[in-house]
Amino acid sequence: MPSGTKNFVGRNYKRRRSKDRISKATRSRLMSRIRSKNTGLEKRFFALLRKHVKVRFKTHAKDLRGKPDVVFPDQRLCVFVDGDFWHGWQYPRWKHQMKNKFWRDKIETNRKRDNRNRQYLRRKGWKVLRVWEHQVSSNSPKTIDLIKATTQ
């Protein structure tokens with residue numbers, strides 16, 4: 001296989017897309033079950049934080065723009081736990097594989113909104129960290145150490 005066709009998690013970004021094997025109604029039902037907060041990923045991450053970080057934090061702060069997943073108010077630190085797909089990790093590498101314009105627009109809009117929220121929070125004096133899904137899943141001790149270092 002030519003170099004550069006797979007990333008570190010083994011996804012081949014140059015393969016051709018096949019037609020969706022699931023009906024529209026089934027796909028719609030599946031997609032409606034995807035939640036934006038208290039996902040399995042977030043629950044695992046929060047549990048790790050509670051175990052290893054001895055600093056008080058809040059989750060899903062409604063009073064801050066972008067509703068950060070984790071907020072350390074005393075340290076003025078916001079942490080966003082972002083899914084690789086929904087927030088477009090390395091999106092320019094795989095956007096050409098999106099089946100239709102709707103999903104490209106959706107992910108691009110999410111990325112722009114994330115960037116605006118990050119800039120806004122930084123202007124207001126907050127430190128902002130973004131933690132990606134694959135970082136929590138594959139190397140959570142390193143991620144926790146980064147947050148611990150930032151909160152001290």
# chains A, B, ... in the order shown; residues from 1 in each chain; ligands from 1

$ residues_around --residues "A:Pro68" --least-positions-apart "6" --cutoff "12 Å" --atoms "only C-alpha atoms" --output "JSON list (two decimals) with N, CA and C atoms, in the first residue's frame"
[["chain", "number", "residue", "atom", "x", "y", "z"],
["A", 36, "SER", "N", -25.56, 14.53, 22.42],
["A", 36, "SER", "CA", -24.51, 15.54, 22.41],
["A", 36, "SER", "C", -23.81, 15.66, 23.76],
["A", 37, "LYS", "N", -24.43, 15.17, 24.83],
["A", 37, "LYS", "CA", -23.74, 15.22, 26.12],
["A", 37, "LYS", "C", -24.00, 13.93, 26.88],
["A", 42, "GLU", "N", -17.59, 10.72, 27.08],
["A", 42, "GLU", "CA", -17.54, 11.74, 28.13],
["A", 42, "GLU", "C", -17.60, 11.10, 29.52],
["A", 57, "PHE", "N", -14.24, 20.59, 39.40],
["A", 57, "PHE", "CA", -14.63, 20.98, 38.05],
["A", 57, "PHE", "C", -16.12, 20.79, 37.84],
["A", 58, "LYS", "N", -16.64, 21.52, 36.83],
["A", 58, "LYS", "CA", -18.04, 21.41, 36.45],
["A", 58, "LYS", "C", -18.10, 20.78, 35.07],
["A", 59, "THR", "N", -19.25, 20.18, 34.76],
["A", 59, "THR", "CA", -19.44, 19.61, 33.43],
["A", 59, "THR", "C", -20.56, 20.35, 32.72],
["A", 60, "HIS", "N", -20.42, 20.50, 31.41],
["A", 60, "HIS", "CA", -21.44, 21.11, 30.55],
["A", 60, "HIS", "C", -21.90, 22.47, 31.07],
["A", 61, "ALA", "N", -20.97, 23.38, 31.22],
["A", 61, "ALA", "CA", -21.27, 24.71, 31.76],
["A", 61, "ALA", "C", -22.14, 25.50, 30.79],
["A", 62, "LYS", "N", -23.38, 25.72, 31.17],
["A", 62, "LYS", "CA", -24.32, 26.43, 30.30],
["A", 62, "LYS", "C", -24.04, 27.92, 30.26],
["A", 76, "ARG", "N", -9.75, 28.90, 35.47],
["A", 76, "ARG", "CA", -10.25, 29.48, 34.21],
["A", 76, "ARG", "C", -9.80, 28.63, 33.02],
["A", 77, "LEU", "N", -10.11, 27.33, 33.12],
["A", 77, "LEU", "CA", -9.75, 26.37, 32.09],
["A", 77, "LEU", "C", -11.01, 25.68, 31.58],
["A", 78, "CYS", "N", -11.16, 25.65, 30.26],
["A", 78, "CYS", "CA", -12.26, 24.92, 29.61],
["A", 78, "CYS", "C", -11.67, 23.77, 28.81],
["A", 79, "VAL", "N", -12.32, 22.62, 28.91],
["A", 79, "VAL", "CA", -11.89, 21.45, 28.14],
["A", 79, "VAL", "C", -13.08, 20.98, 27.31],
["A", 80, "PHE", "N", -12.85, 20.87, 26.00],
["A", 80, "PHE", "CA", -13.86, 20.34, 25.10],
["A", 80, "PHE", "C", -13.44, 18.92, 24.72],
["A", 81, "VAL", "N", -14.34, 17.96, 24.89],
["A", 81, "VAL", "CA", -14.09, 16.58, 24.49],
["A", 81, "VAL", "C", -14.83, 16.38, 23.18],
["A", 82, "ASP", "N", -14.08, 16.33, 22.09],
["A", 82, "ASP", "CA", -14.69, 16.32, 20.76],
["A", 82, "ASP", "C", -14.57, 14.97, 20.08],
["A", 114, "ASP", "N", -16.71, 25.77, 16.54],
["A", 114, "ASP", "CA", -15.71, 25.44, 17.56],
["A", 114, "ASP", "C", -14.61, 26.49, 17.60],
["A", 117, "ASN", "N", -15.96, 29.78, 19.14],
["A", 117, "ASN", "CA", -16.11, 29.66, 20.59],
["A", 117, "ASN", "C", -14.77, 29.66, 21.30],
["A", 118, "ARG", "N", -13.78, 28.97, 20.73],
["A", 118, "ARG", "CA", -12.45, 28.95, 21.34],
["A", 118, "ARG", "C", -11.84, 30.35, 21.38],
["A", 121, "LEU", "N", -13.67, 32.52, 24.05],
["A", 121, "LEU", "CA", -13.27, 32.17, 25.43],
["A", 121, "LEU", "C", -11.86, 32.66, 25.74],
["A", 126, "TRP", "N", -9.97, 32.84, 29.31],
["A", 126, "TRP", "CA", -10.01, 31.41, 29.60],
["A", 126, "TRP", "C", -8.92, 30.69, 28.81],
["A", 127, "LYS", "N", -8.35, 29.66, 29.43],
["A", 127, "LYS", "CA", -7.49, 28.73, 28.69],
["A", 127, "LYS", "C", -8.42, 27.66, 28.12],
["A", 128, "VAL", "N", -8.18, 27.27, 26.89],
["A", 128, "VAL", "CA", -9.07, 26.31, 26.23],
["A", 128, "VAL", "C", -8.25, 25.13, 25.73],
["A", 129, "LEU", "N", -8.66, 23.93, 26.14],
["A", 129, "LEU", "CA", -8.04, 22.70, 25.65],
["A", 129, "LEU", "C", -9.08, 21.91, 24.87],
["A", 130, "ARG", "N", -8.65, 21.31, 23.79],
["A", 130, "ARG", "CA", -9.51, 20.42, 23.03],
["A", 130, "ARG", "C", -8.92, 19.02, 23.14],
["A", 131, "VAL", "N", -9.73, 18.09, 23.59],
["A", 131, "VAL", "CA", -9.32, 16.70, 23.71],
["A", 131, "VAL", "C", -10.12, 15.91, 22.68]]

$ select_by_dssp --residues "stretch 2-150 of chain A" --states "strand (DSSP E)" --output "VMD selection string"
chain A and resid 58 to 59 70 to 72 77 to 82 127 to 132

$ write_last_selection --atoms "N, CA and C atoms" --output "PDB file, in the first residue's frame"
ATOM      1  N   LYS A  58     -16.638  21.518  36.834  1.00  0.00           N
ATOM      2  CA  LYS A  58     -18.042  21.406  36.448  1.00  0.00           C
ATOM      3  C   LYS A  58     -18.102  20.776  35.066  1.00  0.00           C
ATOM      4  N   THR A  59     -19.251  20.176  34.762  1.00  0.00           N
ATOM      5  CA  THR A  59     -19.439  19.610  33.430  1.00  0.00           C
ATOM      6  C   THR A  59     -20.562  20.354  32.719  1.00  0.00           C
ATOM      7  N   VAL A  70     -15.935  20.251  30.174  1.00  0.00           N
ATOM      8  CA  VAL A  70     -15.358  20.318  31.520  1.00  0.00           C
ATOM      9  C   VAL A  70     -14.857  21.735  31.741  1.00  0.00           C
ATOM     10  N   VAL A  71     -15.179  22.292  32.925  1.00  0.00           N
ATOM     11  CA  VAL A  71     -14.717  23.635  33.266  1.00  0.00           C
ATOM     12  C   VAL A  71     -14.097  23.595  34.656  1.00  0.00           C
ATOM     13  N   PHE A  72     -12.886  24.121  34.741  1.00  0.00           N
ATOM     14  CA  PHE A  72     -12.215  24.321  36.015  1.00  0.00           C
ATOM     15  C   PHE A  72     -12.304  25.816  36.308  1.00  0.00           C
ATOM     16  N   LEU A  77     -10.114  27.333  33.123  1.00  0.00           N
ATOM     17  CA  LEU A  77      -9.750  26.374  32.090  1.00  0.00           C
ATOM     18  C   LEU A  77     -11.007  25.676  31.584  1.00  0.00           C
ATOM     19  N   CYS A  78     -11.162  25.645  30.263  1.00  0.00           N
ATOM     20  CA  CYS A  78     -12.264  24.925  29.608  1.00  0.00           C
ATOM     21  C   CYS A  78     -11.669  23.773  28.814  1.00  0.00           C
ATOM     22  N   VAL A  79     -12.321  22.618  28.907  1.00  0.00           N
ATOM     23  CA  VAL A  79     -11.890  21.454  28.137  1.00  0.00           C
ATOM     24  C   VAL A  79     -13.075  20.980  27.310  1.00  0.00           C
ATOM     25  N   PHE A  80     -12.850  20.868  26.004  1.00  0.00           N
ATOM     26  CA  PHE A  80     -13.856  20.338  25.096  1.00  0.00           C
ATOM     27  C   PHE A  80     -13.437  18.925  24.722  1.00  0.00           C
ATOM     28  N   VAL A  81     -14.337  17.957  24.888  1.00  0.00           N
ATOM     29  CA  VAL A  81     -14.086  16.578  24.490  1.00  0.00           C
ATOM     30  C   VAL A  81     -14.832  16.379  23.178  1.00  0.00           C
ATOM     31  N   ASP A  82     -14.078  16.326  22.087  1.00  0.00           N
ATOM     32  CA  ASP A  82     -14.687  16.320  20.761  1.00  0.00           C
ATOM     33  C   ASP A  82     -14.567  14.973  20.084  1.00  0.00           C
ATOM     34  N   LYS A 127      -8.345  29.657  29.426  1.00  0.00           N
ATOM     35  CA  LYS A 127      -7.491  28.726  28.685  1.00  0.00           C
ATOM     36  C   LYS A 127      -8.420  27.664  28.116  1.00  0.00           C
ATOM     37  N   VAL A 128      -8.182  27.269  26.889  1.00  0.00           N
ATOM     38  CA  VAL A 128      -9.070  26.313  26.231  1.00  0.00           C
ATOM     39  C   VAL A 128      -8.249  25.129  25.732  1.00  0.00           C
ATOM     40  N   LEU A 129      -8.662  23.931  26.140  1.00  0.00           N
ATOM     41  CA  LEU A 129      -8.044  22.699  25.651  1.00  0.00           C
ATOM     42  C   LEU A 129      -9.081  21.909  24.869  1.00  0.00           C
ATOM     43  N   ARG A 130      -8.648  21.313  23.789  1.00  0.00           N
ATOM     44  CA  ARG A 130      -9.510  20.418  23.026  1.00  0.00           C
ATOM     45  C   ARG A 130      -8.919  19.021  23.137  1.00  0.00           C
ATOM     46  N   VAL A 131      -9.732  18.093  23.586  1.00  0.00           N
ATOM     47  CA  VAL A 131      -9.322  16.697  23.709  1.00  0.00           C
ATOM     48  C   VAL A 131     -10.119  15.911  22.684  1.00  0.00           C
ATOM     49  N   TRP A 132      -9.429  15.192  21.828  1.00  0.00           N
ATOM     50  CA  TRP A 132     -10.085  14.427  20.777  1.00  0.00           C
ATOM     51  C   TRP A 132     -10.430  13.021  21.263  1.00  0.00           C
TER      52      TRP A 132
END

$ residues_around --residues "A:Asp145" --least-positions-apart "4" --cutoff "10 Å" --atoms "only C-alpha atoms" --output "list in words"
Leu49, His52, Val53, Ser140, Pro141, Ala149, Thr150 and Thr151 of chain A

$ select_by_dssp --residues "chain A" --states "alpha helix (DSSP H)" --output "VMD selection string"
chain A and resid 24 to 32 40 to 52 91 to 94 101 to 123 133 to 138 140 to 151

$ residues_around --residues "A:Glu133" --least-positions-apart "2" --cutoff "9 Å" --atoms "only C-alpha atoms" --output "list of chain:residue names"
A:Leu41, A:Val81, A:Asp82, A:Gly83, A:Asp84, A:Phe85, A:Val131, A:Gln135, A:Val136, A:Ser137, A:Ser138

$ residues_around --residues "A:Asn100" --least-positions-apart "5" --cutoff "12 Å" --atoms "only C-alpha atoms" --output "ChimeraX atom specification"
/A:17,19-20,95,105-107

$ write_last_selection --atoms "N, CA and C atoms" --output "compact mmCIF listing (two decimals), in the first residue's frame"
# COMPACT_ATOMS: atom_id res chain seq x y z
N ARG A 17 -15.98 5.21 -1.69
CA ARG A 17 -17.14 5.00 -0.83
C ARG A 17 -18.15 4.11 -1.52
N LYS A 19 -22.20 2.51 -1.59
CA LYS A 19 -23.56 2.98 -1.32
C LYS A 19 -23.98 2.55 0.09
N ASP A 20 -24.76 3.39 0.75
CA ASP A 20 -25.23 3.07 2.10
C ASP A 20 -26.10 1.82 2.06
N LYS A 95 -12.44 14.79 3.76
CA LYS A 95 -13.71 15.43 3.37
C LYS A 95 -14.16 15.02 1.97
N ASP A 105 -21.14 20.11 4.87
CA ASP A 105 -21.57 21.38 5.46
C ASP A 105 -21.71 21.27 6.97
N LYS A 106 -22.25 20.16 7.43
CA LYS A 106 -22.44 19.95 8.87
C LYS A 106 -21.11 19.98 9.61
N ILE A 107 -20.14 19.24 9.13
CA ILE A 107 -18.84 19.17 9.81
C ILE A 107 -18.10 20.50 9.69

$ closest_residue --among "A:Trp86, A:Pro92, A:Pro73, A:Arg65" --to "A:Gln119" --atoms "only C-alpha atoms"
A:Arg65

$ atom_distance --atom1 "atom CA of A:Arg116" --atom2 "atom CA of A:Trp103"
19.9 Å

$ atom_distance --atom1 "atom CA of A:Asn115" --atom2 "atom CA of A:His134"
19.6 Å

$ atom_distance --atom1 "atom CA of A:His96" --atom2 "atom CA of A:Asn139"
28.3 Å
